[in-house]
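Below is one structure, written out as structure tokens; comments come after it.
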Amino acid sequence: MNLLKKLFQPLERIKPVHIKLWEYGEEVGLKGTSKIDIISWAAREKISSIVGSEFTTTNLLQVYVSQYFLEAEGTVDKSGGKLLVLKAEYLARLEDYRLLKEEKKLTRNANRTALIAVIIAILSLFASIAISIYQINSPIRLNQEQLEIITNKPARLDQEQLELIKSLIEQRKPKPESKPTNEDQIN
């Protein structure tokens, strides 16, 4: 049973390392961070397990930190090094990433809603077809009052229709019981 749950459970999407690093840069904001803080953050987030075993903290500093962060002028961290802040360009890219994720979510919801609407339209089409077939195959029932209303409006009916309706009226009228004749008694 657990295997089925795992198979049908949506896969957890792992954010790319650079997105996580941008979010960390946004989190520390303008107060800045140091290289040591970034390394400890990478260890807490288990960045090396996401990227692979060949990824080390020095690679993190060489590849990502130098690209995404810049040294803040006139600031010094606890160890005497310059404080690092995330570049404004990457803050904007992080915002674009979030907007894109939100748009994807909205698009998925819109597609789901459209699919439901199409299914409802198809079901209503089949229902209307079934009702039409039922009505076509069922006999028409008119009571005496309806027949009289129709026959009192001859201007709308041509002569053949009027004669047909009158014959239907005559057929529906109960016939008086007649006395049996000699021929009926013989049979």
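Please note that chains go A, B, ... in the order of the structure tokens, that every chain numbers its residues from 1, and that ligands are numbered from 1 in the order shown.
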field: Residue list (helix (DSSP H, G or I), DSSP) for range 118-174 of chain A, as a ChimeraX atom specification
entry: /A:118-137,144-151,154-156,159-172
- prompt: Between CA of Ile150 in chain A and CA of Ile165 in chain A, what is the distance, to one decimal in Å?
  reply: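 Rounded to one decimal, the two atoms are 8.3 Å apart.
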message: I want to know what sits within 10 Å of Leu86 in chain A, based on only C-alpha atoms, with residues of the same chain fewer than 5 positions away left out; could you give that as a ChimeraX atom specification?
response: /A:21-30,32-33,65,67-72,91
Could you please take those selected residues and save N, CA and C atoms as a short mmCIF file (atom, residue, chain, number, x, y, z; two decimals), in the first residue's frame?
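Produced file out-v8.cif, reproduced below:
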```
data_model
loop_
_atom_site.label_atom_id
_atom_site.label_comp_id
_atom_site.auth_asym_id
_atom_site.auth_seq_id
_atom_site.Cartn_x
_atom_site.Cartn_y
_atom_site.Cartn_z
N LEU A 21 19.78 30.08 -3.30
CA LEU A 21 20.79 31.08 -2.93
C LEU A 21 20.22 32.48 -3.06
N TRP A 22 19.42 32.73 -4.10
CA TRP A 22 18.78 34.05 -4.24
C TRP A 22 17.82 34.30 -3.08
N GLU A 23 17.06 33.27 -2.68
CA GLU A 23 16.15 33.44 -1.56
C GLU A 23 16.91 33.73 -0.27
N TYR A 24 18.05 33.07 -0.11
CA TYR A 24 18.88 33.35 1.06
C TYR A 24 19.38 34.80 1.01
N GLY A 25 19.82 35.23 -0.15
CA GLY A 25 20.27 36.61 -0.31
C GLY A 25 19.16 37.62 -0.03
N GLU A 26 17.95 37.29 -0.43
CA GLU A 26 16.82 38.16 -0.14
C GLU A 26 16.53 38.17 1.36
N GLU A 27 16.65 37.01 1.98
CA GLU A 27 16.38 36.89 3.42
C GLU A 27 17.33 37.75 4.25
N VAL A 28 18.61 37.71 3.90
CA VAL A 28 19.56 38.52 4.68
C VAL A 28 19.46 39.99 4.32
N GLY A 29 18.93 40.27 3.15
CA GLY A 29 18.63 41.64 2.76
C GLY A 29 19.83 42.55 2.70
N LEU A 30 19.60 43.80 3.03
CA LEU A 30 20.65 44.81 2.94
C LEU A 30 21.66 44.73 4.08
N GLY A 32 23.36 42.26 4.78
CA GLY A 32 24.49 41.53 4.23
C GLY A 32 24.77 40.24 4.95
N THR A 33 25.72 39.51 4.39
CA THR A 33 26.13 38.23 4.94
C THR A 33 27.61 38.03 4.64
N VAL A 65 28.53 32.39 -5.47
CA VAL A 65 28.62 33.59 -4.63
C VAL A 65 29.27 34.73 -5.38
N GLN A 67 29.23 35.25 -8.45
CA GLN A 67 28.36 35.68 -9.54
C GLN A 67 27.14 36.46 -9.03
N TYR A 68 26.54 36.03 -7.91
CA TYR A 68 25.27 36.60 -7.47
C TYR A 68 25.41 37.67 -6.40
N PHE A 69 26.49 37.69 -5.67
CA PHE A 69 26.65 38.63 -4.57
C PHE A 69 27.74 39.64 -4.93
N LEU A 70 27.64 40.80 -4.30
CA LEU A 70 28.71 41.78 -4.44
C LEU A 70 29.07 42.30 -3.06
N GLU A 71 30.29 42.77 -2.95
CA GLU A 71 30.77 43.26 -1.65
C GLU A 71 30.17 44.63 -1.38
N ALA A 72 29.63 44.78 -0.18
CA ALA A 72 29.04 46.05 0.21
C ALA A 72 30.18 46.99 0.61
N LEU A 91 17.70 39.86 -7.45
CA LEU A 91 16.44 40.07 -6.72
C LEU A 91 15.28 40.16 -7.72
#
```
- request: For CA of Pro16 in chain A and CA of Lys31 in chain A, determine how far apart the two atoms are, in Å to one decimal place.
  value: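 Taking CA of Pro16 in chain A as the start and CA of Lys31 in chain A as the end point, the length is 24.4 Å.
Closest approach to Lys82 in chain A among A:Leu164, A:Ile140, A:Ile36, A:Ile131 is made by A:Ile36 (distances from only C-alpha atoms).
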field: Pairwise distance for CA of Lys35 in chain A and CA of Gly81 in chain A, rounded to one decimal in Å
entry: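 Result for CA of Lys35 in chain A versus CA of Gly81 in chain A: 8.4 Å, one decimal.
Using only C-alpha atoms, the smallest distance between any of A:Val63, A:Ser34, A:Ile116, A:Ser124 and Leu84 in chain A comes from A:Ser34.
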query: Running DSSP on the backbone, which parts of range 11-155 of chain A land in strand (DSSP E), as a PyMOL selection string?
result: chain A and resi 69-76+82-86
Save the residues we just selected, C-alpha atoms, as a compact mmCIF listing (two decimals), in the first residue's frame?
```txt
# COMPACT_ATOMS: atom_id res chain seq x y z
CA PHE A 69 26.65 38.63 -4.57
CA LEU A 70 28.71 41.78 -4.44
CA GLU A 71 30.77 43.26 -1.65
CA ALA A 72 29.04 46.05 0.21
CA GLU A 73 31.19 49.19 0.38
CA GLY A 74 32.43 50.24 3.81
CA THR A 75 31.11 47.19 5.67
CA VAL A 76 33.09 44.52 7.43
CA LYS A 82 33.61 42.46 3.45
CA LEU A 83 29.87 41.84 3.79
CA LEU A 84 28.12 40.45 0.75
CA VAL A 85 24.70 41.49 -0.55
CA LEU A 86 22.66 40.00 -3.35
```
